[in-house]
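To be precise, the following lines are work_37.cif, and they hold mmCIF, N, CA and C atoms.
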```cif
data_coords
#
loop_
_atom_site.label_atom_id
_atom_site.label_comp_id
_atom_site.auth_asym_id
_atom_site.auth_seq_id
_atom_site.Cartn_x
_atom_site.Cartn_y
_atom_site.Cartn_z
N MET A 14 39.80 -31.02 -114.49
CA MET A 14 40.52 -29.82 -114.92
C MET A 14 41.89 -30.23 -115.47
N LEU A 15 42.33 -29.51 -116.46
CA LEU A 15 43.62 -29.75 -117.09
C LEU A 15 44.75 -29.17 -116.24
N THR A 16 45.81 -29.96 -116.06
CA THR A 16 47.00 -29.51 -115.34
C THR A 16 48.21 -29.63 -116.26
N ILE A 17 48.87 -28.50 -116.44
CA ILE A 17 50.06 -28.42 -117.29
C ILE A 17 51.23 -27.97 -116.42
N SER A 18 52.34 -28.67 -116.50
CA SER A 18 53.51 -28.25 -115.71
C SER A 18 54.06 -26.94 -116.26
N ARG A 19 54.73 -26.20 -115.40
CA ARG A 19 55.37 -24.94 -115.82
C ARG A 19 56.33 -25.21 -116.99
N ALA A 20 57.05 -26.35 -116.94
CA ALA A 20 58.01 -26.66 -118.01
C ALA A 20 57.30 -26.80 -119.36
N PHE A 21 56.15 -27.46 -119.38
CA PHE A 21 55.42 -27.61 -120.65
C PHE A 21 54.82 -26.28 -121.11
N ALA A 22 54.33 -25.48 -120.17
CA ALA A 22 53.80 -24.15 -120.54
C ALA A 22 54.93 -23.30 -121.13
N ASP A 23 56.09 -23.33 -120.47
CA ASP A 23 57.23 -22.58 -120.99
C ASP A 23 57.67 -23.09 -122.36
N ASP A 24 57.58 -24.42 -122.57
CA ASP A 24 57.97 -24.99 -123.86
C ASP A 24 57.00 -24.56 -124.97
N MET A 25 55.70 -24.49 -124.67
CA MET A 25 54.74 -24.02 -125.67
C MET A 25 55.05 -22.57 -126.05
N ILE A 26 55.37 -21.74 -125.06
CA ILE A 26 55.70 -20.35 -125.35
C ILE A 26 57.00 -20.26 -126.16
N ALA A 27 58.01 -21.04 -125.77
CA ALA A 27 59.28 -21.03 -126.51
C ALA A 27 59.07 -21.49 -127.94
N HIS A 28 58.28 -22.54 -128.13
CA HIS A 28 57.99 -23.05 -129.48
C HIS A 28 57.31 -21.94 -130.30
N SER A 29 56.35 -21.26 -129.69
CA SER A 29 55.65 -20.17 -130.38
C SER A 29 56.62 -19.07 -130.79
N GLN A 30 57.52 -18.70 -129.89
CA GLN A 30 58.49 -17.64 -130.18
C GLN A 30 59.48 -18.06 -131.26
N GLN A 31 59.88 -19.33 -131.25
CA GLN A 31 60.85 -19.82 -132.24
C GLN A 31 60.25 -19.84 -133.64
N GLU A 32 58.97 -20.11 -133.75
CA GLU A 32 58.33 -20.20 -135.07
C GLU A 32 57.78 -18.86 -135.55
N ASP A 33 57.68 -17.88 -134.66
CA ASP A 33 57.16 -16.56 -135.02
C ASP A 33 57.94 -16.01 -136.21
N PRO A 34 57.32 -15.51 -137.26
CA PRO A 34 55.94 -15.03 -137.33
C PRO A 34 54.92 -16.09 -137.75
N ASN A 35 55.36 -17.34 -137.98
CA ASN A 35 54.41 -18.39 -138.35
C ASN A 35 53.84 -19.06 -137.11
N GLU A 36 52.66 -19.65 -137.27
CA GLU A 36 52.05 -20.39 -136.18
C GLU A 36 52.81 -21.69 -135.95
N CYS A 37 52.92 -22.08 -134.69
CA CYS A 37 53.47 -23.39 -134.34
C CYS A 37 52.30 -24.28 -133.92
N CYS A 38 52.58 -25.57 -133.77
CA CYS A 38 51.53 -26.48 -133.33
C CYS A 38 52.14 -27.68 -132.63
N GLY A 39 51.32 -28.35 -131.84
CA GLY A 39 51.78 -29.52 -131.13
C GLY A 39 50.66 -30.21 -130.38
N ILE A 40 51.04 -31.25 -129.67
CA ILE A 40 50.10 -32.11 -128.96
C ILE A 40 50.55 -32.26 -127.52
N LEU A 41 49.59 -32.25 -126.61
CA LEU A 41 49.84 -32.57 -125.21
C LEU A 41 49.14 -33.90 -124.92
N ALA A 42 49.85 -34.80 -124.25
CA ALA A 42 49.28 -36.10 -123.91
C ALA A 42 49.46 -36.36 -122.43
N GLY A 43 48.56 -37.13 -121.86
CA GLY A 43 48.66 -37.44 -120.44
C GLY A 43 47.54 -38.33 -119.99
N LYS A 44 47.33 -38.32 -118.69
CA LYS A 44 46.33 -39.19 -118.08
C LYS A 44 45.55 -38.40 -117.04
N ASN A 45 44.24 -38.59 -117.02
CA ASN A 45 43.37 -37.97 -116.02
C ASN A 45 43.55 -36.45 -115.94
N GLY A 46 43.74 -35.82 -117.09
CA GLY A 46 43.83 -34.37 -117.14
C GLY A 46 45.18 -33.80 -116.77
N VAL A 47 46.17 -34.66 -116.49
CA VAL A 47 47.51 -34.19 -116.15
C VAL A 47 48.42 -34.45 -117.35
N VAL A 48 49.01 -33.41 -117.89
CA VAL A 48 49.86 -33.53 -119.07
C VAL A 48 51.17 -34.22 -118.67
N ALA A 49 51.50 -35.29 -119.41
CA ALA A 49 52.73 -36.05 -119.15
C ALA A 49 53.79 -35.82 -120.22
N ASN A 50 53.38 -35.35 -121.41
CA ASN A 50 54.35 -35.13 -122.47
C ASN A 50 53.84 -34.09 -123.46
N LEU A 51 54.78 -33.37 -124.03
CA LEU A 51 54.50 -32.39 -125.08
C LEU A 51 55.22 -32.84 -126.33
N TYR A 52 54.50 -32.85 -127.45
CA TYR A 52 55.08 -33.20 -128.74
C TYR A 52 55.02 -31.96 -129.63
N ARG A 53 56.18 -31.43 -129.99
CA ARG A 53 56.22 -30.36 -130.99
C ARG A 53 56.01 -31.02 -132.34
N ILE A 54 55.07 -30.49 -133.11
CA ILE A 54 54.77 -31.02 -134.43
C ILE A 54 55.04 -29.91 -135.44
N ALA A 55 55.70 -30.23 -136.52
CA ALA A 55 55.97 -29.24 -137.56
C ALA A 55 54.66 -28.77 -138.19
N ASN A 56 54.60 -27.48 -138.47
CA ASN A 56 53.48 -26.91 -139.23
C ASN A 56 53.82 -27.14 -140.70
N SER A 57 53.09 -28.04 -141.35
CA SER A 57 53.41 -28.41 -142.73
C SER A 57 53.02 -27.33 -143.73
N THR A 58 52.30 -26.32 -143.28
CA THR A 58 51.95 -25.19 -144.13
C THR A 58 52.32 -23.90 -143.39
N PRO A 59 53.62 -23.64 -143.21
CA PRO A 59 54.03 -22.49 -142.40
C PRO A 59 53.34 -21.21 -142.84
N SER A 60 52.66 -20.58 -141.87
CA SER A 60 51.87 -19.40 -142.16
C SER A 60 51.61 -18.65 -140.86
N PRO A 61 51.49 -17.33 -140.91
CA PRO A 61 51.10 -16.58 -139.72
C PRO A 61 49.61 -16.72 -139.39
N TYR A 62 48.84 -17.40 -140.27
CA TYR A 62 47.39 -17.40 -140.14
C TYR A 62 46.77 -18.78 -139.92
N ARG A 63 47.55 -19.84 -140.09
CA ARG A 63 46.95 -21.17 -139.92
C ARG A 63 48.05 -22.19 -139.72
N TYR A 64 47.64 -23.37 -139.31
CA TYR A 64 48.59 -24.47 -139.15
C TYR A 64 47.94 -25.76 -139.64
N VAL A 65 48.78 -26.66 -140.10
CA VAL A 65 48.38 -28.03 -140.40
C VAL A 65 49.50 -28.90 -139.84
N MET A 66 49.13 -29.77 -138.92
CA MET A 66 50.15 -30.64 -138.32
C MET A 66 50.70 -31.60 -139.36
N GLU A 67 52.02 -31.72 -139.40
CA GLU A 67 52.67 -32.64 -140.33
C GLU A 67 52.16 -34.05 -140.00
N PRO A 68 51.53 -34.72 -140.97
CA PRO A 68 50.82 -35.97 -140.69
C PRO A 68 51.68 -37.08 -140.06
N GLN A 69 52.89 -37.30 -140.55
CA GLN A 69 53.71 -38.39 -140.00
C GLN A 69 54.13 -38.08 -138.57
N GLU A 70 54.49 -36.82 -138.30
CA GLU A 70 54.87 -36.45 -136.94
C GLU A 70 53.68 -36.59 -135.99
N MET A 71 52.50 -36.22 -136.47
CA MET A 71 51.29 -36.35 -135.66
C MET A 71 51.02 -37.82 -135.35
N LEU A 72 51.13 -38.67 -136.37
CA LEU A 72 50.93 -40.10 -136.18
C LEU A 72 51.95 -40.67 -135.20
N ASN A 73 53.22 -40.27 -135.35
CA ASN A 73 54.26 -40.75 -134.44
C ASN A 73 53.95 -40.35 -132.99
N ALA A 74 53.51 -39.11 -132.79
CA ALA A 74 53.17 -38.64 -131.45
C ALA A 74 52.00 -39.46 -130.88
N MET A 75 51.00 -39.70 -131.69
CA MET A 75 49.83 -40.46 -131.22
C MET A 75 50.21 -41.90 -130.89
N ARG A 76 51.07 -42.48 -131.69
CA ARG A 76 51.53 -43.85 -131.39
C ARG A 76 52.35 -43.89 -130.10
N ASP A 77 53.21 -42.88 -129.91
CA ASP A 77 54.02 -42.84 -128.69
C ASP A 77 53.12 -42.66 -127.47
N ALA A 78 52.15 -41.76 -127.58
CA ALA A 78 51.21 -41.55 -126.47
C ALA A 78 50.48 -42.86 -126.16
N ASP A 79 50.02 -43.54 -127.19
CA ASP A 79 49.31 -44.80 -127.00
C ASP A 79 50.21 -45.84 -126.34
N SER A 80 51.46 -45.91 -126.75
CA SER A 80 52.39 -46.90 -126.17
C SER A 80 52.69 -46.61 -124.70
N ASN A 81 52.49 -45.36 -124.27
CA ASN A 81 52.68 -44.98 -122.87
C ASN A 81 51.37 -44.95 -122.09
N ASP A 82 50.29 -45.38 -122.74
CA ASP A 82 48.96 -45.38 -122.13
C ASP A 82 48.50 -43.98 -121.76
N TRP A 83 48.88 -42.99 -122.59
CA TRP A 83 48.45 -41.62 -122.40
C TRP A 83 47.33 -41.31 -123.38
N ASP A 84 46.46 -40.42 -122.98
CA ASP A 84 45.41 -39.91 -123.86
C ASP A 84 45.91 -38.65 -124.55
N ILE A 85 45.40 -38.39 -125.75
CA ILE A 85 45.64 -37.10 -126.38
C ILE A 85 44.77 -36.11 -125.61
N THR A 86 45.43 -35.23 -124.89
CA THR A 86 44.74 -34.32 -123.98
C THR A 86 44.40 -32.99 -124.65
N ALA A 87 45.34 -32.49 -125.47
CA ALA A 87 45.14 -31.18 -126.08
C ALA A 87 45.96 -31.04 -127.34
N PHE A 88 45.46 -30.18 -128.21
CA PHE A 88 46.22 -29.69 -129.34
C PHE A 88 46.54 -28.24 -129.02
N TYR A 89 47.78 -27.83 -129.28
CA TYR A 89 48.11 -26.42 -129.05
C TYR A 89 48.63 -25.80 -130.34
N HIS A 90 48.42 -24.50 -130.43
CA HIS A 90 49.04 -23.74 -131.51
C HIS A 90 49.13 -22.28 -131.09
N SER A 91 49.89 -21.53 -131.86
CA SER A 91 50.10 -20.13 -131.52
C SER A 91 49.30 -19.21 -132.44
N HIS A 92 48.99 -18.07 -131.89
CA HIS A 92 48.50 -16.93 -132.67
C HIS A 92 49.56 -15.86 -132.50
N THR A 93 50.22 -15.54 -133.57
CA THR A 93 51.37 -14.65 -133.48
C THR A 93 51.01 -13.17 -133.42
N HIS A 94 49.82 -12.82 -133.92
CA HIS A 94 49.45 -11.41 -133.98
C HIS A 94 48.01 -11.16 -133.54
N SER A 95 47.42 -12.13 -132.88
CA SER A 95 46.03 -11.98 -132.45
C SER A 95 45.84 -12.64 -131.08
N PRO A 96 44.71 -12.39 -130.45
CA PRO A 96 44.48 -12.94 -129.11
C PRO A 96 44.44 -14.46 -129.08
N ALA A 97 44.60 -15.01 -127.88
CA ALA A 97 44.53 -16.45 -127.66
C ALA A 97 43.05 -16.85 -127.60
N TYR A 98 42.44 -16.89 -128.78
CA TYR A 98 41.03 -17.26 -128.90
C TYR A 98 40.85 -17.94 -130.25
N PRO A 99 40.12 -19.06 -130.30
CA PRO A 99 39.98 -19.78 -131.58
C PRO A 99 39.36 -18.91 -132.68
N SER A 100 40.01 -18.92 -133.82
CA SER A 100 39.51 -18.19 -134.99
C SER A 100 38.45 -19.04 -135.68
N PRO A 101 37.68 -18.44 -136.60
CA PRO A 101 36.75 -19.24 -137.38
C PRO A 101 37.44 -20.40 -138.11
N THR A 102 38.68 -20.18 -138.58
CA THR A 102 39.44 -21.26 -139.23
C THR A 102 39.75 -22.36 -138.23
N ASP A 103 40.13 -21.99 -137.00
CA ASP A 103 40.40 -22.99 -135.96
C ASP A 103 39.16 -23.84 -135.69
N VAL A 104 38.02 -23.20 -135.60
CA VAL A 104 36.77 -23.92 -135.34
C VAL A 104 36.45 -24.86 -136.49
N ARG A 105 36.55 -24.35 -137.71
CA ARG A 105 36.26 -25.18 -138.89
C ARG A 105 37.19 -26.39 -138.95
N MET A 106 38.47 -26.18 -138.69
CA MET A 106 39.43 -27.29 -138.74
C MET A 106 39.16 -28.31 -137.63
N ALA A 107 38.77 -27.84 -136.45
CA ALA A 107 38.42 -28.76 -135.36
C ALA A 107 37.20 -29.59 -135.75
N GLN A 108 36.21 -28.94 -136.33
CA GLN A 108 35.01 -29.66 -136.75
C GLN A 108 35.34 -30.71 -137.82
N GLN A 109 36.20 -30.36 -138.75
CA GLN A 109 36.59 -31.31 -139.80
C GLN A 109 37.38 -32.48 -139.24
N SER A 110 38.15 -32.23 -138.17
CA SER A 110 38.99 -33.28 -137.59
C SER A 110 38.19 -34.28 -136.77
N GLY A 111 37.06 -33.83 -136.20
CA GLY A 111 36.27 -34.69 -135.33
C GLY A 111 36.72 -34.67 -133.88
N TRP A 112 37.78 -33.95 -133.57
CA TRP A 112 38.26 -33.82 -132.19
C TRP A 112 37.47 -32.68 -131.54
N LEU A 113 36.36 -33.02 -130.91
CA LEU A 113 35.44 -31.99 -130.41
C LEU A 113 34.94 -32.29 -129.00
N GLY A 114 34.33 -31.30 -128.40
CA GLY A 114 33.65 -31.46 -127.13
C GLY A 114 34.59 -31.80 -125.99
N GLU A 115 34.15 -32.71 -125.16
CA GLU A 115 34.88 -33.08 -123.95
C GLU A 115 36.09 -33.96 -124.24
N ASP A 116 36.31 -34.34 -125.49
CA ASP A 116 37.41 -35.25 -125.83
C ASP A 116 38.78 -34.59 -125.80
N VAL A 117 38.84 -33.28 -126.04
CA VAL A 117 40.16 -32.65 -126.20
C VAL A 117 40.07 -31.15 -125.93
N TYR A 118 41.16 -30.62 -125.41
CA TYR A 118 41.30 -29.18 -125.24
C TYR A 118 42.02 -28.61 -126.46
N TYR A 119 41.74 -27.35 -126.72
CA TYR A 119 42.52 -26.58 -127.69
C TYR A 119 43.20 -25.48 -126.89
N ILE A 120 44.53 -25.51 -126.89
CA ILE A 120 45.33 -24.54 -126.16
C ILE A 120 45.86 -23.53 -127.17
N LEU A 121 45.67 -22.26 -126.87
CA LEU A 121 46.20 -21.21 -127.74
C LEU A 121 47.22 -20.39 -126.98
N VAL A 122 48.33 -20.11 -127.64
CA VAL A 122 49.38 -19.26 -127.11
C VAL A 122 49.41 -18.01 -127.97
N SER A 123 49.12 -16.88 -127.36
CA SER A 123 49.14 -15.62 -128.12
C SER A 123 50.45 -14.89 -127.89
N LEU A 124 51.03 -14.45 -129.00
CA LEU A 124 52.21 -13.58 -128.96
C LEU A 124 51.84 -12.16 -129.37
N GLU A 125 50.54 -11.84 -129.28
CA GLU A 125 50.09 -10.50 -129.64
C GLU A 125 50.88 -9.45 -128.84
N ASP A 126 51.06 -9.71 -127.54
CA ASP A 126 51.94 -8.89 -126.70
C ASP A 126 53.21 -9.72 -126.51
N LYS A 127 54.23 -9.45 -127.32
CA LYS A 127 55.45 -10.27 -127.33
C LYS A 127 56.11 -10.35 -125.95
N ALA A 128 55.95 -9.30 -125.13
CA ALA A 128 56.58 -9.27 -123.81
C ALA A 128 55.80 -10.08 -122.77
N ALA A 129 54.55 -10.41 -123.08
CA ALA A 129 53.71 -11.14 -122.12
C ALA A 129 52.83 -12.15 -122.86
N PRO A 130 53.41 -13.26 -123.35
CA PRO A 130 52.61 -14.27 -124.04
C PRO A 130 51.48 -14.78 -123.14
N GLN A 131 50.37 -15.09 -123.76
CA GLN A 131 49.19 -15.54 -123.02
C GLN A 131 48.80 -16.94 -123.47
N ILE A 132 48.45 -17.79 -122.50
CA ILE A 132 47.97 -19.15 -122.78
C ILE A 132 46.54 -19.26 -122.30
N ARG A 133 45.65 -19.76 -123.17
CA ARG A 133 44.25 -19.99 -122.79
C ARG A 133 43.83 -21.36 -123.34
N ALA A 134 42.85 -21.96 -122.70
CA ALA A 134 42.37 -23.29 -123.07
C ALA A 134 40.88 -23.23 -123.41
N PHE A 135 40.49 -24.03 -124.39
CA PHE A 135 39.11 -24.05 -124.87
C PHE A 135 38.67 -25.47 -125.22
N ARG A 136 37.38 -25.65 -125.24
CA ARG A 136 36.76 -26.81 -125.89
C ARG A 136 36.01 -26.23 -127.09
N ILE A 137 36.07 -26.95 -128.19
CA ILE A 137 35.29 -26.57 -129.37
C ILE A 137 34.23 -27.64 -129.54
N MET A 138 32.99 -27.22 -129.50
CA MET A 138 31.87 -28.14 -129.54
C MET A 138 31.47 -28.46 -130.99
N GLU A 139 30.75 -29.56 -131.16
CA GLU A 139 30.32 -29.98 -132.49
C GLU A 139 29.55 -28.87 -133.20
N SER A 140 28.79 -28.08 -132.42
CA SER A 140 27.99 -26.97 -132.96
C SER A 140 28.86 -25.80 -133.43
N GLY A 141 30.13 -25.82 -133.02
CA GLY A 141 31.01 -24.69 -133.32
C GLY A 141 31.13 -23.73 -132.16
N ASP A 142 30.36 -23.98 -131.09
CA ASP A 142 30.48 -23.14 -129.90
C ASP A 142 31.87 -23.32 -129.29
N ILE A 143 32.39 -22.24 -128.76
CA ILE A 143 33.71 -22.21 -128.12
C ILE A 143 33.48 -21.99 -126.63
N VAL A 144 34.03 -22.90 -125.82
CA VAL A 144 33.84 -22.82 -124.37
C VAL A 144 35.21 -22.72 -123.71
N GLU A 145 35.48 -21.57 -123.08
CA GLU A 145 36.77 -21.43 -122.41
C GLU A 145 36.82 -22.33 -121.19
N GLN A 146 38.00 -22.89 -120.94
CA GLN A 146 38.20 -23.84 -119.85
C GLN A 146 39.26 -23.32 -118.89
N GLU A 147 39.04 -23.53 -117.61
CA GLU A 147 40.06 -23.23 -116.63
C GLU A 147 41.12 -24.34 -116.70
N PHE A 148 42.34 -24.00 -116.38
CA PHE A 148 43.41 -24.99 -116.29
C PHE A 148 44.41 -24.50 -115.27
N THR A 149 45.29 -25.40 -114.85
CA THR A 149 46.27 -25.08 -113.84
C THR A 149 47.67 -25.26 -114.43
N ILE A 150 48.55 -24.32 -114.11
CA ILE A 150 49.97 -24.49 -114.42
C ILE A 150 50.64 -24.80 -113.10
N SER A 151 51.23 -25.99 -113.03
CA SER A 151 51.86 -26.44 -111.77
C SER A 151 53.37 -26.30 -111.84
N ASP A 152 53.96 -26.10 -110.68
CA ASP A 152 55.43 -25.99 -110.62
C ASP A 152 56.09 -27.31 -110.33
#
```
Take the structure in the file and write it out as structure tokens.
Amino acid sequence: MLTISRAFADDMIAHSQQEDPNECCGILAGKNGVVANLYRIANSTPSPYRYVMEPQEMLNAMRDADSNDWDITAFYHSHTHSPAYPSPTDVRMAQQSGWLGEDVYYILVSLEDKAAPQIRAFRIMESGDIVEQEFTISD
């Protein structure tokens, strides 16, 4: 099961709020399902409807994670006006990236209710199936 510290959960929400009305994106890295670091990555195509991680920032984050012996645990992004559930575009982009199945979580932060942001976690399978995952926010 994925474990995210309260500080990282709060940072994902803050990042989402700072980029609103555009989607934000980032990477969570860690070991054995425990998140050790959060990398905010610029959305190179700022939009309320999609994100593309800035390639150099993504590469830098992956290199840093590798140098710390961390795995890429999850990709996160926000939905500013819709529920925390992968859109057809999210599924298509995951399939194109090859980051699928048990290899990585997709974390969505919804700002649909601005007063009560919601965080949910999913696996996106090669078939395009979306499987919601339980996770823990630790203090």
Open item on the list: as an NGL selection string, please: the residues near Arg136 in chain A (cut-off 6 Å, all atoms listed in the file, same-chain neighbours under 5 positions excluded).
Closed with: :A and (114 or 117-119 or 142-146)
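Each of A:Gly141, A:Gly39, A:Pro61, A:Pro96 was checked against Leu113 in chain A using only C-alpha atoms; the smallest atom-to-atom distance is that of A:Gly141.
You can rank A:Leu15, A:Ala42, A:Ala27, A:Val65 by their closest distance to Lys127 in chain A using only C-alpha atoms, and at the top of that list sits A:Ala27.
The shell of residues at most 8 Å from range 123-126 of chain A, with only N, CA and C atoms counted and near chain neighbours (fewer than 5 positions) removed, consists of Ile26, Ser29, Gln30, His90, Ser91, His92, Thr93, His94, Ser95, Pro96, Ala97, Tyr98, Gln131, Ile132 and Arg133 of chain A.
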Quick one: which residues end up in the PyMOL selection byres ((chain A and resi 41) around 6.5) for this structure, as a PDB file with N, CA and C atoms, in the coordinates of the input?
```
ATOM      1  N   GLY A  39      51.320 -28.350-131.840  1.00  0.00           N
ATOM      2  CA  GLY A  39      51.780 -29.520-131.130  1.00  0.00           C
ATOM      3  C   GLY A  39      50.660 -30.210-130.380  1.00  0.00           C
ATOM      4  N   ILE A  40      51.040 -31.250-129.670  1.00  0.00           N
ATOM      5  CA  ILE A  40      50.100 -32.110-128.960  1.00  0.00           C
ATOM      6  C   ILE A  40      50.550 -32.260-127.520  1.00  0.00           C
ATOM      7  N   ALA A  42      49.850 -34.800-124.250  1.00  0.00           N
ATOM      8  CA  ALA A  42      49.280 -36.100-123.910  1.00  0.00           C
ATOM      9  C   ALA A  42      49.460 -36.360-122.430  1.00  0.00           C
ATOM     10  N   GLY A  43      48.560 -37.130-121.860  1.00  0.00           N
ATOM     11  CA  GLY A  43      48.660 -37.440-120.440  1.00  0.00           C
ATOM     12  C   GLY A  43      47.540 -38.330-119.990  1.00  0.00           C
ATOM     13  N   VAL A  48      49.010 -33.410-117.890  1.00  0.00           N
ATOM     14  CA  VAL A  48      49.860 -33.530-119.070  1.00  0.00           C
ATOM     15  C   VAL A  48      51.170 -34.220-118.670  1.00  0.00           C
ATOM     16  N   ALA A  49      51.500 -35.290-119.410  1.00  0.00           N
ATOM     17  CA  ALA A  49      52.730 -36.050-119.150  1.00  0.00           C
ATOM     18  C   ALA A  49      53.790 -35.820-120.220  1.00  0.00           C
ATOM     19  N   ASN A  50      53.380 -35.350-121.410  1.00  0.00           N
ATOM     20  CA  ASN A  50      54.350 -35.130-122.470  1.00  0.00           C
ATOM     21  C   ASN A  50      53.840 -34.090-123.460  1.00  0.00           C
ATOM     22  N   LEU A  51      54.780 -33.370-124.030  1.00  0.00           N
ATOM     23  CA  LEU A  51      54.500 -32.390-125.080  1.00  0.00           C
ATOM     24  C   LEU A  51      55.220 -32.840-126.330  1.00  0.00           C
ATOM     25  N   TYR A  52      54.500 -32.850-127.450  1.00  0.00           N
ATOM     26  CA  TYR A  52      55.080 -33.200-128.740  1.00  0.00           C
ATOM     27  C   TYR A  52      55.020 -31.960-129.630  1.00  0.00           C
ATOM     28  N   ASP A  84      46.460 -40.420-122.980  1.00  0.00           N
ATOM     29  CA  ASP A  84      45.410 -39.910-123.860  1.00  0.00           C
ATOM     30  C   ASP A  84      45.910 -38.650-124.550  1.00  0.00           C
ATOM     31  N   ILE A  85      45.400 -38.390-125.750  1.00  0.00           N
ATOM     32  CA  ILE A  85      45.640 -37.100-126.380  1.00  0.00           C
ATOM     33  C   ILE A  85      44.770 -36.110-125.610  1.00  0.00           C
ATOM     34  N   THR A  86      45.430 -35.230-124.890  1.00  0.00           N
ATOM     35  CA  THR A  86      44.740 -34.320-123.980  1.00  0.00           C
ATOM     36  C   THR A  86      44.400 -32.990-124.650  1.00  0.00           C
ATOM     37  N   ALA A  87      45.340 -32.490-125.470  1.00  0.00           N
ATOM     38  CA  ALA A  87      45.140 -31.180-126.080  1.00  0.00           C
ATOM     39  C   ALA A  87      45.960 -31.040-127.340  1.00  0.00           C
ATOM     40  N   PHE A  88      45.460 -30.180-128.210  1.00  0.00           N
ATOM     41  CA  PHE A  88      46.220 -29.690-129.340  1.00  0.00           C
ATOM     42  C   PHE A  88      46.540 -28.240-129.020  1.00  0.00           C
ATOM     43  N   TYR A  89      47.780 -27.830-129.280  1.00  0.00           N
ATOM     44  CA  TYR A  89      48.110 -26.420-129.050  1.00  0.00           C
ATOM     45  C   TYR A  89      48.630 -25.800-130.340  1.00  0.00           C
TER      46      TYR A  89
END
```
Selection near Val104 in chain A, 9 Å with only C-alpha atoms, sequence-local residues under 2 positions removed, as a PyMOL selection string: chain A and resi 99-102+106-109+137-138+141-143
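Going from atom N of Gly111 in chain A over to atom N of Glu139 in chain A, you cover 9.1 Å.
Put simply, atom C of Pro130 in chain A is 18.9 Å away from CA of Tyr64 in chain A.
Computed from the coordinates, the atom C of Ser110 in chain A to atom C of Ala22 in chain A distance equals 25.4 Å.
What the PyMOL selection byres ((chain A and resi 54) around 6) grabs from this file is Cys38, Gly39, Ile40, Tyr52, Arg53, Ala55, Asn56, Met66, Glu67 and Glu70 of chain A.
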Residues of chain A in strand (DSSP E or B), written as a ChimeraX atom specification: /A:15-18,38-44,47-54,56,66,84-92,118-123,131-137,143-146,148-151
- Task: Enumerate, as a PyMOL selection string, the complete set of residues in chain A that a backbone-based DSSP assignment places in alpha helix (DSSP H).
- Result: chain A and resi 19-32+68-80+101-110
Within 8 Å of (52.1, -27.2, -111.8) (file coordinates; only C-alpha atoms), which protein or nucleic acid residues are there? I'd like them as a ChimeraX atom specification.
/A:16-19,149-152
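Across A:Tyr62, A:Phe148, A:Phe135, A:Trp112, the tightest approach to Pro34 in chain A is made by A:Tyr62 when counting only C-alpha atoms.
Among the candidate residues A:Asp82, A:Asp23, A:Glu115, A:Glu36, the one lying nearest to Thr58 in chain A is A:Glu36, with distances computed using all atoms listed in the file.
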